[in-house]
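Below: model18.txt (compact mmCIF, C-alpha atoms (C1' of nucleotides))
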# COMPACT_ATOMS: atom_id res chain seq x y z
CA MET A 1 8.73 -11.60 -19.25
CA LYS A 2 7.17 -13.00 -22.40
CA ASN A 3 5.88 -16.56 -22.54
CA ARG A 4 4.32 -19.06 -24.92
CA LEU A 5 1.66 -20.40 -22.58
CA LYS A 6 -1.24 -19.19 -24.70
CA VAL A 7 0.14 -20.90 -27.79
CA LEU A 8 1.01 -24.09 -25.95
CA ARG A 9 -2.50 -24.09 -24.55
CA ALA A 10 -4.04 -23.54 -27.97
CA GLU A 11 -2.01 -26.39 -29.46
CA ARG A 12 -3.60 -28.68 -26.89
CA ASP A 13 -7.01 -27.01 -26.96
CA TRP A 14 -6.82 -26.25 -23.26
CA THR A 15 -8.63 -23.43 -21.49
CA GLN A 16 -6.92 -21.23 -18.94
CA ALA A 17 -8.85 -23.16 -16.32
CA ASP A 18 -7.52 -26.45 -17.70
CA LEU A 19 -3.96 -25.20 -17.51
CA ALA A 20 -4.50 -23.72 -14.06
CA ASN A 21 -5.78 -27.07 -12.92
CA ALA A 22 -2.83 -28.95 -14.39
CA LEU A 23 -0.45 -26.54 -12.72
CA ASP A 24 -2.39 -26.50 -9.48
CA VAL A 25 -2.78 -22.73 -9.42
CA SER A 26 -5.79 -20.47 -9.83
CA ARG A 27 -7.22 -19.53 -13.22
CA GLN A 28 -6.46 -15.90 -12.44
CA THR A 29 -2.82 -16.74 -11.95
CA VAL A 30 -2.62 -18.32 -15.40
CA ASN A 31 -4.43 -15.36 -16.89
CA ALA A 32 -2.16 -12.84 -15.17
CA ILE A 33 0.99 -14.65 -16.26
CA GLU A 34 -0.24 -14.96 -19.85
CA LYS A 35 -1.09 -11.27 -19.86
CA GLY A 36 2.34 -10.40 -18.47
CA LYS A 37 1.00 -8.94 -15.24
CA PHE A 38 3.64 -10.79 -13.26
CA ASP A 39 6.22 -13.51 -13.59
CA PRO A 40 5.64 -17.01 -12.25
CA SER A 41 7.71 -18.21 -9.34
CA LEU A 42 10.61 -20.51 -10.26
CA PRO A 43 8.80 -23.60 -8.94
CA LEU A 44 5.78 -22.73 -11.08
CA ALA A 45 8.01 -22.21 -14.11
CA PHE A 46 9.45 -25.68 -13.49
CA LYS A 47 5.95 -27.10 -13.31
CA CYS A 48 5.12 -25.53 -16.68
CA ALA A 49 8.28 -26.95 -18.18
CA ARG A 50 7.53 -30.41 -16.89
CA LEU A 51 3.92 -30.23 -18.02
CA PHE A 52 4.83 -29.29 -21.56
CA GLY A 53 7.98 -31.39 -21.70
CA MET A 54 10.09 -28.36 -22.55
CA ARG A 55 12.83 -26.34 -20.99
CA ILE A 56 11.97 -23.20 -19.05
CA GLU A 57 13.86 -21.12 -21.60
CA GLU A 58 11.67 -22.54 -24.37
CA ILE A 59 8.52 -21.34 -22.60
CA PHE A 60 9.60 -18.11 -20.92
CA GLU A 61 11.70 -15.43 -22.52
CA ASP A 62 13.79 -13.21 -20.32
CA GLU A 63 13.94 -9.52 -21.16
CA SER A 64 15.78 -8.09 -18.16
CA ALA A 65 19.19 -6.41 -18.10
CA MET B 1 14.91 -26.32 -4.48
CA LYS B 2 18.53 -27.45 -4.70
CA ASN B 3 21.09 -25.45 -6.65
CA ARG B 4 24.73 -25.55 -7.68
CA LEU B 5 25.55 -21.92 -6.96
CA LYS B 6 28.08 -22.70 -4.27
CA VAL B 7 30.00 -25.04 -6.59
CA LEU B 8 29.80 -22.67 -9.53
CA ARG B 9 31.10 -19.93 -7.27
CA ALA B 10 33.91 -22.11 -6.00
CA GLU B 11 34.97 -23.02 -9.54
CA ARG B 12 35.41 -19.32 -10.21
CA ASP B 13 36.78 -18.46 -6.77
CA TRP B 14 33.96 -15.99 -6.16
CA THR B 15 32.65 -14.94 -2.77
CA GLN B 16 28.94 -14.70 -2.05
CA ALA B 17 29.40 -10.94 -2.25
CA ASP B 18 31.00 -11.27 -5.68
CA LEU B 19 28.09 -13.31 -6.94
CA ALA B 20 25.56 -10.99 -5.33
CA ASN B 21 27.25 -8.12 -7.08
CA ALA B 22 27.22 -9.86 -10.46
CA LEU B 23 23.55 -10.69 -10.01
CA ASP B 24 22.69 -7.26 -8.66
CA VAL B 25 21.14 -8.60 -5.47
CA SER B 26 22.21 -8.46 -1.83
CA ARG B 27 24.75 -10.81 -0.32
CA GLN B 28 22.06 -12.05 2.06
CA THR B 29 19.90 -13.04 -0.88
CA VAL B 30 22.68 -15.16 -2.38
CA ASN B 31 23.34 -16.71 1.01
CA ALA B 32 19.67 -17.50 1.60
CA ILE B 33 19.27 -19.06 -1.85
CA GLU B 34 22.42 -21.14 -1.45
CA LYS B 35 21.22 -22.31 1.96
CA GLY B 36 17.82 -23.18 0.51
CA LYS B 37 15.93 -20.66 2.62
CA PHE B 38 13.91 -19.60 -0.42
CA ASP B 39 13.84 -19.95 -4.17
CA PRO B 40 14.99 -17.17 -6.47
CA SER B 41 12.43 -15.38 -8.60
CA LEU B 42 12.29 -16.49 -12.22
CA PRO B 43 14.06 -13.32 -13.44
CA LEU B 44 16.85 -13.93 -10.95
CA ALA B 45 17.13 -17.56 -12.04
CA PHE B 46 17.49 -16.30 -15.63
CA LYS B 47 20.22 -13.92 -14.51
CA CYS B 48 22.09 -16.80 -12.90
CA ALA B 49 21.75 -18.87 -16.05
CA ARG B 50 23.04 -16.04 -18.20
CA LEU B 51 25.90 -15.29 -15.83
CA PHE B 52 27.12 -18.88 -15.82
CA GLY B 53 26.24 -19.59 -19.45
CA MET B 54 24.06 -22.50 -18.45
CA ARG B 55 20.42 -23.45 -18.54
CA ILE B 56 18.25 -22.85 -15.51
CA GLU B 57 17.71 -26.58 -15.15
CA GLU B 58 21.48 -27.10 -14.99
CA ILE B 59 21.75 -24.77 -12.01
CA PHE B 60 18.51 -25.32 -10.12
CA GLU B 61 16.96 -28.69 -9.44
CA ASP B 62 13.25 -28.88 -8.96
CA GLU B 63 11.95 -31.14 -6.19
CA SER B 64 8.25 -30.29 -6.15
CA ALA B 65 5.33 -32.56 -6.98
C1' DA C 1 -32.03 -11.78 -28.42
C1' DC C 2 -30.39 -15.45 -25.03
C1' DT C 3 -27.20 -18.52 -23.05
C1' DC C 4 -23.08 -20.36 -21.89
C1' DA C 5 -18.13 -20.97 -21.81
C1' DA C 6 -13.91 -18.61 -21.87
C1' DT C 7 -11.50 -14.68 -20.84
C1' DG C 8 -10.33 -10.29 -18.60
C1' DT C 9 -10.16 -7.57 -14.42
C1' DA C 10 -10.26 -5.78 -9.66
C1' DA C 11 -9.93 -5.58 -4.47
C1' DA C 12 -8.36 -7.55 -0.30
C1' DA C 13 -5.68 -10.96 1.96
C1' DT C 14 -1.65 -14.11 2.47
C1' DA C 15 2.91 -15.89 1.45
C1' DC C 16 7.24 -15.31 -0.10
C1' DA C 17 11.37 -12.83 -2.51
C1' DC C 18 14.45 -9.42 -1.45
C1' DT C 19 16.61 -5.26 1.08
C1' DT C 20 19.10 -2.94 4.77
C1' DG C 21 21.56 -3.00 8.91
C1' DA C 22 23.59 -5.31 12.35
C1' DC C 23 25.53 -9.00 14.73
C1' DT C 24 28.03 -13.68 15.13
C1' DT C 25 31.06 -17.38 13.82
C1' DA C 26 34.89 -19.68 11.37
C1' DA C 27 39.18 -19.72 9.10
C1' DA C 28 43.49 -17.83 7.86
C1' DG C 29 47.39 -14.70 8.23
C1' DT C 30 50.39 -11.90 10.99
C1' DA D 1 46.21 -12.85 20.78
C1' DC D 2 44.71 -9.75 16.91
C1' DT D 3 42.86 -8.67 12.53
C1' DT D 4 40.60 -9.50 8.47
C1' DT D 5 37.62 -11.77 5.24
C1' DA D 6 33.88 -14.85 4.18
C1' DA D 7 29.98 -16.94 5.64
C1' DG D 8 25.85 -17.47 8.44
C1' DT D 9 21.85 -15.40 10.65
C1' DC D 10 18.12 -12.32 12.41
C1' DA D 11 14.61 -8.61 12.52
C1' DA D 12 11.96 -5.32 10.25
C1' DG D 13 10.55 -3.43 6.14
C1' DT D 14 9.14 -3.34 0.99
C1' DG D 15 7.52 -5.43 -3.18
C1' DT D 16 5.47 -8.99 -5.68
C1' DA D 17 3.32 -13.75 -6.59
C1' DT D 18 -0.82 -16.01 -5.68
C1' DT D 19 -5.54 -16.79 -3.70
C1' DT D 20 -10.41 -15.92 -3.18
C1' DT D 21 -14.48 -13.69 -4.46
C1' DA D 22 -16.81 -11.29 -7.54
C1' DC D 23 -18.10 -9.00 -11.63
C1' DA D 24 -17.63 -7.51 -16.78
C1' DT D 25 -16.68 -8.69 -21.60
C1' DT D 26 -16.30 -11.47 -25.65
C1' DG D 27 -17.65 -15.08 -28.91
C1' DA D 28 -20.11 -19.05 -30.39
C1' DG D 29 -24.21 -21.64 -30.61
C1' DT D 30 -29.11 -21.87 -30.56
Mind turning this structure into structure tokens?
Amino acid sequence: MKNRLKVLRAERDWTQADLANALDVSRQTVNAIEKGKFDPSLPLAFKCARLFGMRIEEIFEDESA
Amino acid sequence: MKNRLKVLRAERDWTQADLANALDVSRQTVNAIEKGKFDPSLPLAFKCARLFGMRIEEIFEDESA
DNA sequence: ACTCAATGTAAAATACACTTGACTTAAAGT
DNA sequence: ACTTTAAGTCAAGTGTATTTTACATTGAGT
């Protein structure tokens, strides 16, 4: 699952640690999601959407069948 | 996390098994999600959205802090 | 060259999403 | 009453999301 977290972070000049803090998850979790190592849970995806004031589909791009 | 799966199913006259089949998950998974026992993964939420032609936020309602 | 902040990565542990198989309950039809 | 279909539930297992701790790498500034 692709996502725009890195770009959204850059636009705000946030570090991974900043984002992790805002989302209340670990820095490693943010890093792993940005690097595509795994997908966030649905609640975490909602948190991202709320944080950035966007829809989930505008942040995460589905690629599954 | 609340969701409208039961209603969306009813509108289409689908059983839980029908929906499970369309989503490629087990009937128990659909049942558990409808009953709020756990949240779907983000990929599964995307599948639901695609199946019903809606946005994730129109199907699932976030309740977290 | 040295330092420091940010990022990448890995192992082990925990929590949760999801499966399979089986059983129960409720409703409806015959 | 009997059968059938849908829905609810449970236990045990597998896979994955997330945490913690810890260490390596990269880049910028000095």
Superimposed copy of chain A on chain B by least squares over C-alpha atoms, as a PDB file with C-alpha atoms, in the coordinates of the input:
ATOM      1  CA  MET A   1      14.923 -26.325  -4.460  1.00  0.00           C
ATOM      2  CA  LYS A   2      18.528 -27.452  -4.679  1.00  0.00           C
ATOM      3  CA  ASN A   3      21.094 -25.464  -6.634  1.00  0.00           C
ATOM      4  CA  ARG A   4      24.734 -25.532  -7.678  1.00  0.00           C
ATOM      5  CA  LEU A   5      25.539 -21.902  -6.956  1.00  0.00           C
ATOM      6  CA  LYS A   6      28.093 -22.691  -4.269  1.00  0.00           C
ATOM      7  CA  VAL A   7      29.990 -25.025  -6.578  1.00  0.00           C
ATOM      8  CA  LEU A   8      29.801 -22.669  -9.533  1.00  0.00           C
ATOM      9  CA  ARG A   9      31.091 -19.930  -7.271  1.00  0.00           C
ATOM     10  CA  ALA A  10      33.933 -22.093  -6.000  1.00  0.00           C
ATOM     11  CA  GLU A  11      34.960 -23.012  -9.545  1.00  0.00           C
ATOM     12  CA  ARG A  12      35.408 -19.309 -10.225  1.00  0.00           C
ATOM     13  CA  ASP A  13      36.772 -18.459  -6.784  1.00  0.00           C
ATOM     14  CA  TRP A  14      33.969 -15.992  -6.178  1.00  0.00           C
ATOM     15  CA  THR A  15      32.644 -14.947  -2.785  1.00  0.00           C
ATOM     16  CA  GLN A  16      28.946 -14.691  -2.062  1.00  0.00           C
ATOM     17  CA  ALA A  17      29.403 -10.940  -2.247  1.00  0.00           C
ATOM     18  CA  ASP A  18      31.001 -11.260  -5.688  1.00  0.00           C
ATOM     19  CA  LEU A  19      28.091 -13.310  -6.953  1.00  0.00           C
ATOM     20  CA  ALA A  20      25.558 -10.996  -5.338  1.00  0.00           C
ATOM     21  CA  ASN A  21      27.213  -8.106  -7.089  1.00  0.00           C
ATOM     22  CA  ALA A  22      27.201  -9.848 -10.460  1.00  0.00           C
ATOM     23  CA  LEU A  23      23.543 -10.679 -10.028  1.00  0.00           C
ATOM     24  CA  ASP A  24      22.686  -7.266  -8.655  1.00  0.00           C
ATOM     25  CA  VAL A  25      21.110  -8.615  -5.483  1.00  0.00           C
ATOM     26  CA  SER A  26      22.162  -8.464  -1.848  1.00  0.00           C
ATOM     27  CA  ARG A  27      24.733 -10.818  -0.343  1.00  0.00           C
ATOM     28  CA  GLN A  28      22.060 -12.090   2.023  1.00  0.00           C
ATOM     29  CA  THR A  29      19.898 -13.070  -0.903  1.00  0.00           C
ATOM     30  CA  VAL A  30      22.689 -15.182  -2.382  1.00  0.00           C
ATOM     31  CA  ASN A  31      23.348 -16.728   0.999  1.00  0.00           C
ATOM     32  CA  ALA A  32      19.674 -17.515   1.588  1.00  0.00           C
ATOM     33  CA  ILE A  33      19.266 -19.085  -1.841  1.00  0.00           C
ATOM     34  CA  GLU A  34      22.430 -21.165  -1.438  1.00  0.00           C
ATOM     35  CA  LYS A  35      21.220 -22.318   1.959  1.00  0.00           C
ATOM     36  CA  GLY A  36      17.815 -23.216   0.525  1.00  0.00           C
ATOM     37  CA  LYS A  37      15.924 -20.688   2.621  1.00  0.00           C
ATOM     38  CA  PHE A  38      13.921 -19.617  -0.405  1.00  0.00           C
ATOM     39  CA  ASP A  39      13.817 -19.948  -4.152  1.00  0.00           C
ATOM     40  CA  PRO A  40      14.985 -17.169  -6.453  1.00  0.00           C
ATOM     41  CA  SER A  41      12.443 -15.379  -8.581  1.00  0.00           C
ATOM     42  CA  LEU A  42      12.315 -16.495 -12.225  1.00  0.00           C
ATOM     43  CA  PRO A  43      14.062 -13.324 -13.434  1.00  0.00           C
ATOM     44  CA  LEU A  44      16.863 -13.931 -10.936  1.00  0.00           C
ATOM     45  CA  ALA A  45      17.144 -17.551 -12.048  1.00  0.00           C
ATOM     46  CA  PHE A  46      17.502 -16.294 -15.625  1.00  0.00           C
ATOM     47  CA  LYS A  47      20.223 -13.913 -14.515  1.00  0.00           C
ATOM     48  CA  CYS A  48      22.113 -16.798 -12.898  1.00  0.00           C
ATOM     49  CA  ALA A  49      21.773 -18.855 -16.046  1.00  0.00           C
ATOM     50  CA  ARG A  50      23.059 -16.051 -18.210  1.00  0.00           C
ATOM     51  CA  LEU A  51      25.916 -15.306 -15.838  1.00  0.00           C
ATOM     52  CA  PHE A  52      27.135 -18.878 -15.812  1.00  0.00           C
ATOM     53  CA  GLY A  53      26.267 -19.589 -19.431  1.00  0.00           C
ATOM     54  CA  MET A  54      24.067 -22.510 -18.440  1.00  0.00           C
ATOM     55  CA  ARG A  55      20.440 -23.433 -18.542  1.00  0.00           C
ATOM     56  CA  ILE A  56      18.270 -22.837 -15.493  1.00  0.00           C
ATOM     57  CA  GLU A  57      17.723 -26.577 -15.163  1.00  0.00           C
ATOM     58  CA  GLU A  58      21.488 -27.104 -14.987  1.00  0.00           C
ATOM     59  CA  ILE A  59      21.756 -24.750 -12.007  1.00  0.00           C
ATOM     60  CA  PHE A  60      18.508 -25.306 -10.120  1.00  0.00           C
ATOM     61  CA  GLU A  61      16.950 -28.659  -9.422  1.00  0.00           C
ATOM     62  CA  ASP A  62      13.228 -28.862  -8.935  1.00  0.00           C
ATOM     63  CA  GLU A  63      11.922 -31.130  -6.198  1.00  0.00           C
ATOM     64  CA  SER A  64       8.223 -30.264  -6.137  1.00  0.00           C
ATOM     65  CA  ALA A  65       5.285 -32.525  -6.979  1.00  0.00           C
TER      66      ALA A  65
END
Taking a cut-off of 12 Å and counting only C-alpha atoms (C1' of nucleotides), can you build a table that, for each residue of chain C near chain A, reports the nearest atom pair and how far apart they are in Å (one decimal), sorted by chain then residue number, as a Markdown table?
| residue | atom | partner | partner_atom | distance |
| --- | --- | --- | --- | --- |
| C:DA5 | C1' | A:Thr15 | CA | 9.8 |
| C:DA6 | C1' | A:Thr15 | CA | 7.2 |
| C:DT7 | C1' | A:Asn31 | CA | 8.1 |
| C:DG8 | C1' | A:Asn31 | CA | 8.0 |
| C:DT9 | C1' | A:Gln28 | CA | 9.3 |
| C:DA10 | C1' | A:Gln28 | CA | 11.2 |
| C:DC16 | C1' | A:Ser41 | CA | 9.7 |
| C:DA17 | C1' | A:Ser41 | CA | 9.4 |
Between chain B and chain A, at 9 Å or less, what are the per-residue closest atom pairs and their distances in Å? Count only C-alpha atoms, order by chain and rising residue number, and return it as JSON lines.
{"residue": "B:Met1", "atom": "CA", "partner": "A:Pro43", "partner_atom": "CA", "distance": 8.0}
{"residue": "B:Asp39", "atom": "CA", "partner": "A:Leu42", "partner_atom": "CA", "distance": 6.9}
{"residue": "B:Pro40", "atom": "CA", "partner": "A:Leu42", "partner_atom": "CA", "distance": 6.7}
{"residue": "B:Ser41", "atom": "CA", "partner": "A:Ser41", "partner_atom": "CA", "distance": 5.6}
{"residue": "B:Leu42", "atom": "CA", "partner": "A:Leu42", "partner_atom": "CA", "distance": 4.8}
{"residue": "B:Pro43", "atom": "CA", "partner": "A:Asp62", "partner_atom": "CA", "distance": 6.9}
{"residue": "B:Ala45", "atom": "CA", "partner": "A:Leu42", "partner_atom": "CA", "distance": 7.4}
{"residue": "B:Phe46", "atom": "CA", "partner": "A:Asp62", "partner_atom": "CA", "distance": 6.7}
{"residue": "B:Lys47", "atom": "CA", "partner": "A:Ser64", "partner_atom": "CA", "distance": 8.2}
{"residue": "B:Arg55", "atom": "CA", "partner": "A:Glu57", "partner_atom": "CA", "distance": 7.6}
{"residue": "B:Ile56", "atom": "CA", "partner": "A:Ile56", "partner_atom": "CA", "distance": 7.2}
{"residue": "B:Glu57", "atom": "CA", "partner": "A:Arg55", "partner_atom": "CA", "distance": 7.6}
{"residue": "B:Asp62", "atom": "CA", "partner": "A:Phe46", "partner_atom": "CA", "distance": 6.7}
{"residue": "B:Glu63", "atom": "CA", "partner": "A:Pro43", "partner_atom": "CA", "distance": 8.6}
{"residue": "B:Ser64", "atom": "CA", "partner": "A:Pro43", "partner_atom": "CA", "distance": 7.3}
{"residue": "B:Ala65", "atom": "CA", "partner": "A:Lys47", "partner_atom": "CA", "distance": 8.4}
Deliver the residues from the most recent selection as a file, using C-alpha atoms, as an mmCIF file, in the frame of the given file.
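Output below, filename part_14.cif:
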data_model
loop_
_atom_site.group_PDB
_atom_site.id
_atom_site.type_symbol
_atom_site.label_atom_id
_atom_site.label_comp_id
_atom_site.auth_asym_id
_atom_site.auth_seq_id
_atom_site.Cartn_x
_atom_site.Cartn_y
_atom_site.Cartn_z
ATOM 1 C CA MET B 1 14.910 -26.320 -4.480
ATOM 2 C CA ASP B 39 13.840 -19.950 -4.170
ATOM 3 C CA PRO B 40 14.990 -17.170 -6.470
ATOM 4 C CA SER B 41 12.430 -15.380 -8.600
ATOM 5 C CA LEU B 42 12.290 -16.490 -12.220
ATOM 6 C CA PRO B 43 14.060 -13.320 -13.440
ATOM 7 C CA ALA B 45 17.130 -17.560 -12.040
ATOM 8 C CA PHE B 46 17.490 -16.300 -15.630
ATOM 9 C CA LYS B 47 20.220 -13.920 -14.510
ATOM 10 C CA ARG B 55 20.420 -23.450 -18.540
ATOM 11 C CA ILE B 56 18.250 -22.850 -15.510
ATOM 12 C CA GLU B 57 17.710 -26.580 -15.150
ATOM 13 C CA ASP B 62 13.250 -28.880 -8.960
ATOM 14 C CA GLU B 63 11.950 -31.140 -6.190
ATOM 15 C CA SER B 64 8.250 -30.290 -6.150
ATOM 16 C CA ALA B 65 5.330 -32.560 -6.980
#
Using all atoms listed in the file, what table do you get, as a Markdown table, when you list each residue of chain D with an atom no more than 10 Å from chain A, its nearest pair of atoms, and their distance in Å rounded to one decimal, rows by chain then rising number?
| residue | atom | partner | partner_atom | distance |
| --- | --- | --- | --- | --- |
| D:DT16 | C1' | A:Phe38 | CA | 8.0 |
| D:DA17 | C1' | A:Ser41 | CA | 6.8 |
| D:DT18 | C1' | A:Thr29 | CA | 6.6 |
| D:DT19 | C1' | A:Ser26 | CA | 7.2 |
| D:DT20 | C1' | A:Ser26 | CA | 9.3 |
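Reported to one decimal place, the separation of atom CA of Asp24 of chain B from atom CA of Leu5 of chain A is 28.4 Å.
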> How far is it from atom CA of Glu11 of chain B to atom C1' of DT20 of chain C, in Å with one decimal?
Replying inline: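 Answer for the atom CA of Glu11 of chain B to atom C1' of DT20 of chain C separation: 29.3 Å.
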> So how far away is atom CA of Arg9 of chain B from atom CA of Phe52 of chain B, in Å?
Replying inline: 9.5 Å
>> Measuring between all atoms listed in the file, which one of A:Val30, A:Ile59, A:Leu51, A:Leu19 shows the shortest distance to Asn3 of chain A?
In response: A:Ile59
Coordinates of box centre and edge lengths for segment 7-14 of chain D, 5 Å on every side, axis-aligned, as JSON:
{"center_x": 19.6, "center_y": -10.4, "center_z": 6.8, "size_x": 30.8, "size_y": 24.1, "size_z": 21.5}
Give me, as JSON lines, the closest atom pair and its distance (Å, one decimal) for every residue of chain D within a cut-off of 9 Å of segment 25-30 of chain C, counting all atoms listed in the file, rows sorted by chain and rising number.
{"residue": "D:DC2", "atom": "C1'", "partner": "C:DT30", "partner_atom": "C1'", "distance": 8.5}
{"residue": "D:DT3", "atom": "C1'", "partner": "C:DT30", "partner_atom": "C1'", "distance": 8.3}
{"residue": "D:DT4", "atom": "C1'", "partner": "C:DG29", "partner_atom": "C1'", "distance": 8.6}
{"residue": "D:DT5", "atom": "C1'", "partner": "C:DA28", "partner_atom": "C1'", "distance": 8.8}
{"residue": "D:DA6", "atom": "C1'", "partner": "C:DA27", "partner_atom": "C1'", "distance": 8.7}
{"residue": "D:DA7", "atom": "C1'", "partner": "C:DA26", "partner_atom": "C1'", "distance": 8.0}
{"residue": "D:DG8", "atom": "C1'", "partner": "C:DT25", "partner_atom": "C1'", "distance": 7.5}
>> Show me, as a list in words, the residues that have an atom within 12 Å of DG21 of chain C when counting only C-alpha atoms (C1' of nucleotides), minus same-chain residues fewer than 6 positions from it.
In response: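 With the cut-off at 12 Å, the set is Gln28 of chain B; DC10, DA11, DA12 and DG13 of chain D.
The protein and nucleic acid residues lying at most 10 Å from Val7 of chain B are Arg12, Asp13, Trp14, Glu34 and Ile59 of chain B, with only C-alpha atoms (C1' of nucleotides) considered and sequence neighbours fewer than 5 positions away removed.
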